[in-house]
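Data block below; observations after.
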Amino acid sequence: MALSAALMLGGVASAQKVAFEEYNLENGLHVILHNDPSAPVIITSVMYHVGAKDENPERTGFAHFFEHLLFEGTENIKRGEWFKIVTSNGGVNNANTTEDRTYYYEVFPSNNLELGLWMESERMLHPVINQIGVDTQNEVVKEEKRLRYDNSPYGQLIPQVKKYMFTNHPYRWTTIGSMDHLDAAKLEEFQAFNKKFYIPNNAVLIVAGDISNPAQAKEWIQKYFGVIKKAPAIDRKTFTEAPITQTIKAEFEDPNIQLPMVVAAYRTPSMKTRDARVLDMISTILSDGKSSRLYKKIVDDKKMALQVGAFAYSQEDYGTYILYGLPQSPFTSADLLKEVDAEIVNLQTNLISEKDMQKLQNIYENQDVSKKANVEGIADNLATYYLLYGDVNLINTEIEMYRSITREEIRDIAKKYLNPNQRLVLDYVPSKDKAQN
């Protein structure tokens with residue numbers, strides 16, 4: 001047993017400290033450099049502090065739309081040429097959007113650093129936003145919505161949960177937004193959205209990888225980004241939600257499914273808080289893998305469900321903690337919810353064992369290593385910790401917070417947030433018309 005414990009502890013990797021340099025340009029653009037010569041690649045990325053929550057409620061989907069639109073071209077990159085330039089120079093690129101931010105990046109061989117910087121500065125300085133681009137990307141986004149939401153089994157899970165979790169905050173709508181809103185928007189509205197949010201003083205530039213000549217890199221950054229003018233500061237509104245004090249019950253019919261799903265969702269605090277990290281650990285205890293409590297008890301032992309799970313949907317202002325299960329006949333959604341609740345009460349009442357706590361800590365140590373395993377992950381984390389958390393060095397220190405979480409905190413945070421009167425219970429069921437057929 002002692003040997004097994006030693007092997008288990010010895011198998012936990014230790015993450016290297018991520019060294020970085022950060023500074024501001026005069027126009028307010030924050031710059032972070034991370035030099036890693038281990039591979040001859042370089043990533044140039046820009047994260048803008050704009051997401052779905054920054055949209056007009058009558059024009060939802062704009063931030064995600066711009067994720068696509070800003071690849072259309074610039075004054076110096078012809079329409080349709082962006083991806084050709086990247087691939088012909090041995091690179092890859094992509095972008096993604098959340099409720100809180102939008103992220104663009106290119107990965108090139110390290111001798112193409114200047115190209116990557118020029119392309120991202122072009123996106124910020126000279127985007128071409130015209131009707132043909134808007135019309136083209138409108139069709140692209142509609143197809144994405146059909147694939148990911150409308151025609152995907154359980155594709156409406158997150159949208160349905162958000163609708164009930166948030167009645168005042170912009171988190172209540174989906175990142176992909178409303179197609180009717182996008183159809184109704186005029187070209188001038190897209191241009192105004194770009195002018196307001198895609199600006200240097202609302203962004204962070206990350207250069208990570210094999211920076212063979214840091215002085216030269218800084219010269220190029222100044223050359224391409226320093227000329228961009230600072231824009232007026234963004235006046236951000238604060239939205240608050242009243243506490244949930246009684247169970248919200250709802251039902252949603254999905255024509256794409258044959259098996260019902262029961263969902264329990266709880267509103268939780270900002271991902272920046274300590275409580276959110278404790279809830280991450282609770283999610284791991286309950287549903288991370290086949291040895292987790294819910295899976296072992298409900299799926300393996302009692303064979304009441306085909307699948308159970310739990311995850312924290314973490315965001316800058318609030319979070320949502322979501323539990324779900326697919327009941328297996330003859331058991332019902334109510335049976336599953338009862339078993340899930342019993343396991344939560346167990347967490348609220350009894351401390352997890354020292355052994356389980358050590359296993360939990362090992363999981364988070366390994367996750368810390370994984371997020372720093374490649375230059376793309378490091379760049380994404382550097383941008384996120386600066387823009388959304390306000391502390392770049394969390395890339396090195398956040399693990400200390402997880403290490404300091406106690407068994408008592410896990411019990412107390414479960415008591416604080418995971419109570420029946422503080423949640424949504426959603427019966428996610430097959431379409432009744434389909435069931436009758």
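Quick note on naming: the chains in the structure tokens go A, B, ... in the order shown, residues restart at 1 in each chain, and ligands are numbered from 1 in order of appearance.
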Enumerate the residues of range 126-240 of chain A with a DSSP assignment of strand (DSSP E or B), computed from the backbone, and present them as a VMD selection string.
chain A and resid 127 203 to 209
Please list as a PyMOL selection string every residue within 10 Å of Asn138 in chain A, counting only C-alpha atoms and excluding residues in the same chain fewer than 5 positions away.
chain A and resi 65+68-69+132-133+143-144+179+182-183
Keeping only all heavy atoms, write the selected residues as a PDB file, in the first residue's frame.
```pdb
ATOM      1  N   PHE A  65     -20.874  36.648 -34.662  1.00  0.00           N
ATOM      2  CA  PHE A  65     -20.874  36.978 -36.087  1.00  0.00           C
ATOM      3  C   PHE A  65     -19.523  37.579 -36.484  1.00  0.00           C
ATOM      4  O   PHE A  65     -18.971  37.255 -37.548  1.00  0.00           O
ATOM      5  CB  PHE A  65     -22.005  37.960 -36.391  1.00  0.00           C
ATOM      6  CG  PHE A  65     -22.315  38.112 -37.849  1.00  0.00           C
ATOM      7  CD1 PHE A  65     -23.162  37.224 -38.484  1.00  0.00           C
ATOM      8  CD2 PHE A  65     -21.756  39.144 -38.593  1.00  0.00           C
ATOM      9  CE1 PHE A  65     -23.452  37.360 -39.841  1.00  0.00           C
ATOM     10  CE2 PHE A  65     -22.036  39.290 -39.938  1.00  0.00           C
ATOM     11  CZ  PHE A  65     -22.885  38.386 -40.567  1.00  0.00           C
ATOM     12  N   HIS A  68     -16.565  35.393 -37.338  1.00  0.00           N
ATOM     13  CA  HIS A  68     -16.507  34.994 -38.744  1.00  0.00           C
ATOM     14  C   HIS A  68     -16.169  36.178 -39.655  1.00  0.00           C
ATOM     15  O   HIS A  68     -15.333  36.073 -40.544  1.00  0.00           O
ATOM     16  CB  HIS A  68     -17.851  34.397 -39.171  1.00  0.00           C
ATOM     17  CG  HIS A  68     -18.196  33.115 -38.490  1.00  0.00           C
ATOM     18  ND1 HIS A  68     -17.950  31.881 -39.047  1.00  0.00           N
ATOM     19  CD2 HIS A  68     -18.770  32.866 -37.288  1.00  0.00           C
ATOM     20  CE1 HIS A  68     -18.358  30.924 -38.227  1.00  0.00           C
ATOM     21  NE2 HIS A  68     -18.866  31.502 -37.149  1.00  0.00           N
ATOM     22  N   LEU A  69     -16.841  37.288 -39.400  1.00  0.00           N
ATOM     23  CA  LEU A  69     -16.765  38.422 -40.323  1.00  0.00           C
ATOM     24  C   LEU A  69     -15.352  38.979 -40.458  1.00  0.00           C
ATOM     25  O   LEU A  69     -14.953  39.419 -41.548  1.00  0.00           O
ATOM     26  CB  LEU A  69     -17.720  39.527 -39.850  1.00  0.00           C
ATOM     27  CG  LEU A  69     -17.940  40.718 -40.783  1.00  0.00           C
ATOM     28  CD1 LEU A  69     -18.537  40.257 -42.107  1.00  0.00           C
ATOM     29  CD2 LEU A  69     -18.856  41.749 -40.122  1.00  0.00           C
ATOM     30  N   ILE A 132     -21.444  42.446 -48.881  1.00  0.00           N
ATOM     31  CA  ILE A 132     -21.198  41.091 -49.400  1.00  0.00           C
ATOM     32  C   ILE A 132     -20.616  40.191 -48.303  1.00  0.00           C
ATOM     33  O   ILE A 132     -20.981  39.013 -48.187  1.00  0.00           O
ATOM     34  CB  ILE A 132     -20.267  41.118 -50.645  1.00  0.00           C
ATOM     35  CG1 ILE A 132     -20.174  39.712 -51.241  1.00  0.00           C
ATOM     36  CG2 ILE A 132     -18.886  41.671 -50.316  1.00  0.00           C
ATOM     37  CD1 ILE A 132     -19.447  39.657 -52.576  1.00  0.00           C
ATOM     38  N   GLY A 133     -19.757  40.750 -47.465  1.00  0.00           N
ATOM     39  CA  GLY A 133     -19.202  39.974 -46.360  1.00  0.00           C
ATOM     40  C   GLY A 133     -20.268  39.617 -45.336  1.00  0.00           C
ATOM     41  O   GLY A 133     -20.322  38.485 -44.840  1.00  0.00           O
ATOM     42  N   GLU A 143     -26.031  28.145 -40.988  1.00  0.00           N
ATOM     43  CA  GLU A 143     -25.718  26.732 -41.129  1.00  0.00           C
ATOM     44  C   GLU A 143     -25.114  26.185 -39.838  1.00  0.00           C
ATOM     45  O   GLU A 143     -25.429  25.065 -39.414  1.00  0.00           O
ATOM     46  CB  GLU A 143     -24.758  26.518 -42.305  1.00  0.00           C
ATOM     47  CG  GLU A 143     -24.377  25.062 -42.558  1.00  0.00           C
ATOM     48  CD  GLU A 143     -25.577  24.178 -42.881  1.00  0.00           C
ATOM     49  OE1 GLU A 143     -26.634  24.689 -43.302  1.00  0.00           O
ATOM     50  OE2 GLU A 143     -25.449  22.948 -42.707  1.00  0.00           O
ATOM     51  N   GLU A 144     -24.266  26.974 -39.189  1.00  0.00           N
ATOM     52  CA  GLU A 144     -23.683  26.561 -37.914  1.00  0.00           C
ATOM     53  C   GLU A 144     -24.770  26.366 -36.864  1.00  0.00           C
ATOM     54  O   GLU A 144     -24.749  25.395 -36.102  1.00  0.00           O
ATOM     55  CB  GLU A 144     -22.670  27.594 -37.435  1.00  0.00           C
ATOM     56  CG  GLU A 144     -22.008  27.223 -36.121  1.00  0.00           C
ATOM     57  CD  GLU A 144     -20.999  28.248 -35.639  1.00  0.00           C
ATOM     58  OE1 GLU A 144     -20.592  29.114 -36.438  1.00  0.00           O
ATOM     59  OE2 GLU A 144     -20.630  28.196 -34.446  1.00  0.00           O
ATOM     60  N   MET A 179     -31.121  34.547 -35.363  1.00  0.00           N
ATOM     61  CA  MET A 179     -30.973  34.754 -36.804  1.00  0.00           C
ATOM     62  C   MET A 179     -31.867  35.903 -37.281  1.00  0.00           C
ATOM     63  O   MET A 179     -31.512  36.639 -38.202  1.00  0.00           O
ATOM     64  CB  MET A 179     -31.306  33.470 -37.561  1.00  0.00           C
ATOM     65  CG  MET A 179     -30.399  32.290 -37.223  1.00  0.00           C
ATOM     66  SD  MET A 179     -28.621  32.577 -37.427  1.00  0.00           S
ATOM     67  CE  MET A 179     -28.108  32.881 -35.723  1.00  0.00           C
ATOM     68  N   LEU A 182     -29.929  39.096 -36.713  1.00  0.00           N
ATOM     69  CA  LEU A 182     -28.862  39.290 -37.696  1.00  0.00           C
ATOM     70  C   LEU A 182     -29.442  39.674 -39.055  1.00  0.00           C
ATOM     71  O   LEU A 182     -28.887  40.517 -39.764  1.00  0.00           O
ATOM     72  CB  LEU A 182     -28.014  38.021 -37.815  1.00  0.00           C
ATOM     73  CG  LEU A 182     -27.206  37.644 -36.561  1.00  0.00           C
ATOM     74  CD1 LEU A 182     -26.503  36.301 -36.766  1.00  0.00           C
ATOM     75  CD2 LEU A 182     -26.191  38.719 -36.215  1.00  0.00           C
ATOM     76  N   ASP A 183     -30.567  39.063 -39.418  1.00  0.00           N
ATOM     77  CA  ASP A 183     -31.219  39.408 -40.690  1.00  0.00           C
ATOM     78  C   ASP A 183     -31.686  40.858 -40.705  1.00  0.00           C
ATOM     79  O   ASP A 183     -31.629  41.533 -41.740  1.00  0.00           O
ATOM     80  CB  ASP A 183     -32.427  38.491 -40.937  1.00  0.00           C
ATOM     81  CG  ASP A 183     -32.025  37.076 -41.334  1.00  0.00           C
ATOM     82  OD1 ASP A 183     -30.864  36.889 -41.764  1.00  0.00           O
ATOM     83  OD2 ASP A 183     -32.869  36.169 -41.215  1.00  0.00           O
TER      84      ASP A 183
END
```
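The shortest atom-to-atom distance to Ile129 in chain A, with only C-alpha atoms taken into account, belongs to A:Phe71 out of A:Tyr417, A:Phe71, A:Tyr164, A:Tyr103.
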Residue nearest Ser38 in chain A among A:Val128, A:Ala373, A:Val207, A:Val308 (counting only C-alpha atoms)
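Ranked by minimum distance to Ser38 in chain A, first place goes to A:Ala373.
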Return as a Markdown table the residues of range 266-294 of chain A lying at most 12 Å from range 326-341 of chain A, together with the closest atom-to-atom pair for each and the distance in Å to one decimal, counting only C-alpha atoms, with rows in chain order and ascending residue number.
```
| residue | atom | partner | partner_atom | distance |
| --- | --- | --- | --- | --- |
| A:Leu286 | CA | A:Val340 | CA | 9.1 |
| A:Ser287 | CA | A:Val340 | CA | 10.7 |
| A:Arg293 | CA | A:Val340 | CA | 9.5 |
| A:Leu294 | CA | A:Val340 | CA | 6.9 |
```
Expected file: the selected residues, C-alpha atoms, as a PDB file, in the first residue's frame:
```
ATOM      1  CA  LEU A 286     -19.428  13.903  -8.768  1.00  0.00           C
ATOM      2  CA  SER A 287     -18.896  13.207 -12.431  1.00  0.00           C
ATOM      3  CA  ARG A 293     -19.586   9.108  -7.494  1.00  0.00           C
ATOM      4  CA  LEU A 294     -22.575   9.672  -9.741  1.00  0.00           C
TER       5      LEU A 294
END
```
Mind checking which residues fall within 12 Å of Ile176 in chain A, counting only C-alpha atoms, ignoring those fewer than 5 positions away in the same chain, and posting them as a PyMOL selection string?
chain A and resi 51-53+55+59-68+96-99+138+140-150+156+158-159+171+181-182
Mind checking which residues fall within 9 Å of range 392-402 of chain A, counting only C-alpha atoms, ignoring those fewer than 3 positions away in the same chain, and posting them as a VMD selection string?
chain A and resid 15 to 20 22 32 274 277 to 278 281 361 364 to 365 368 371 to 372 378 381 to 387 389 405 to 406
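The nearest approach to Gly73 in chain A among the residues A:Asn93, A:Thr247, A:Ser270, A:Asn130, with only C-alpha atoms taken into account, belongs to A:Asn130.
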Members of range 117-280 of chain A assigned alpha helix (DSSP H) by DSSP, as number ranges by chain:
A: 117-125, 131-145, 157-165, 179-184, 187-197, 214-225, 274-280
Given the choices A:Pro232, A:Gly28, A:Gly319, A:Pro57, which gets closest to Lys162 in chain A if the distance is worked out from only C-alpha atoms?
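That would be A:Gly319, the residue with the smallest distance to Lys162 in chain A.
Between CA of Asn346 in chain A and CA of Asn362 in chain A lies a distance of 22.4 Å.
Considering the residues A:Ile206, A:Ala39, A:Met165, A:Ala233 and counting only C-alpha atoms, Arg267 in chain A has its shortest atom-to-atom contact with A:Met165.
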Need the shell around Ile211 in chain A: protein/DNA/RNA residues with any atom at most 9 Å away, counting only C-alpha atoms. Skip same-chain ones fewer than 6 positions apart. Format as number ranges by chain?
A: 33-37, 40-42, 110, 113, 217
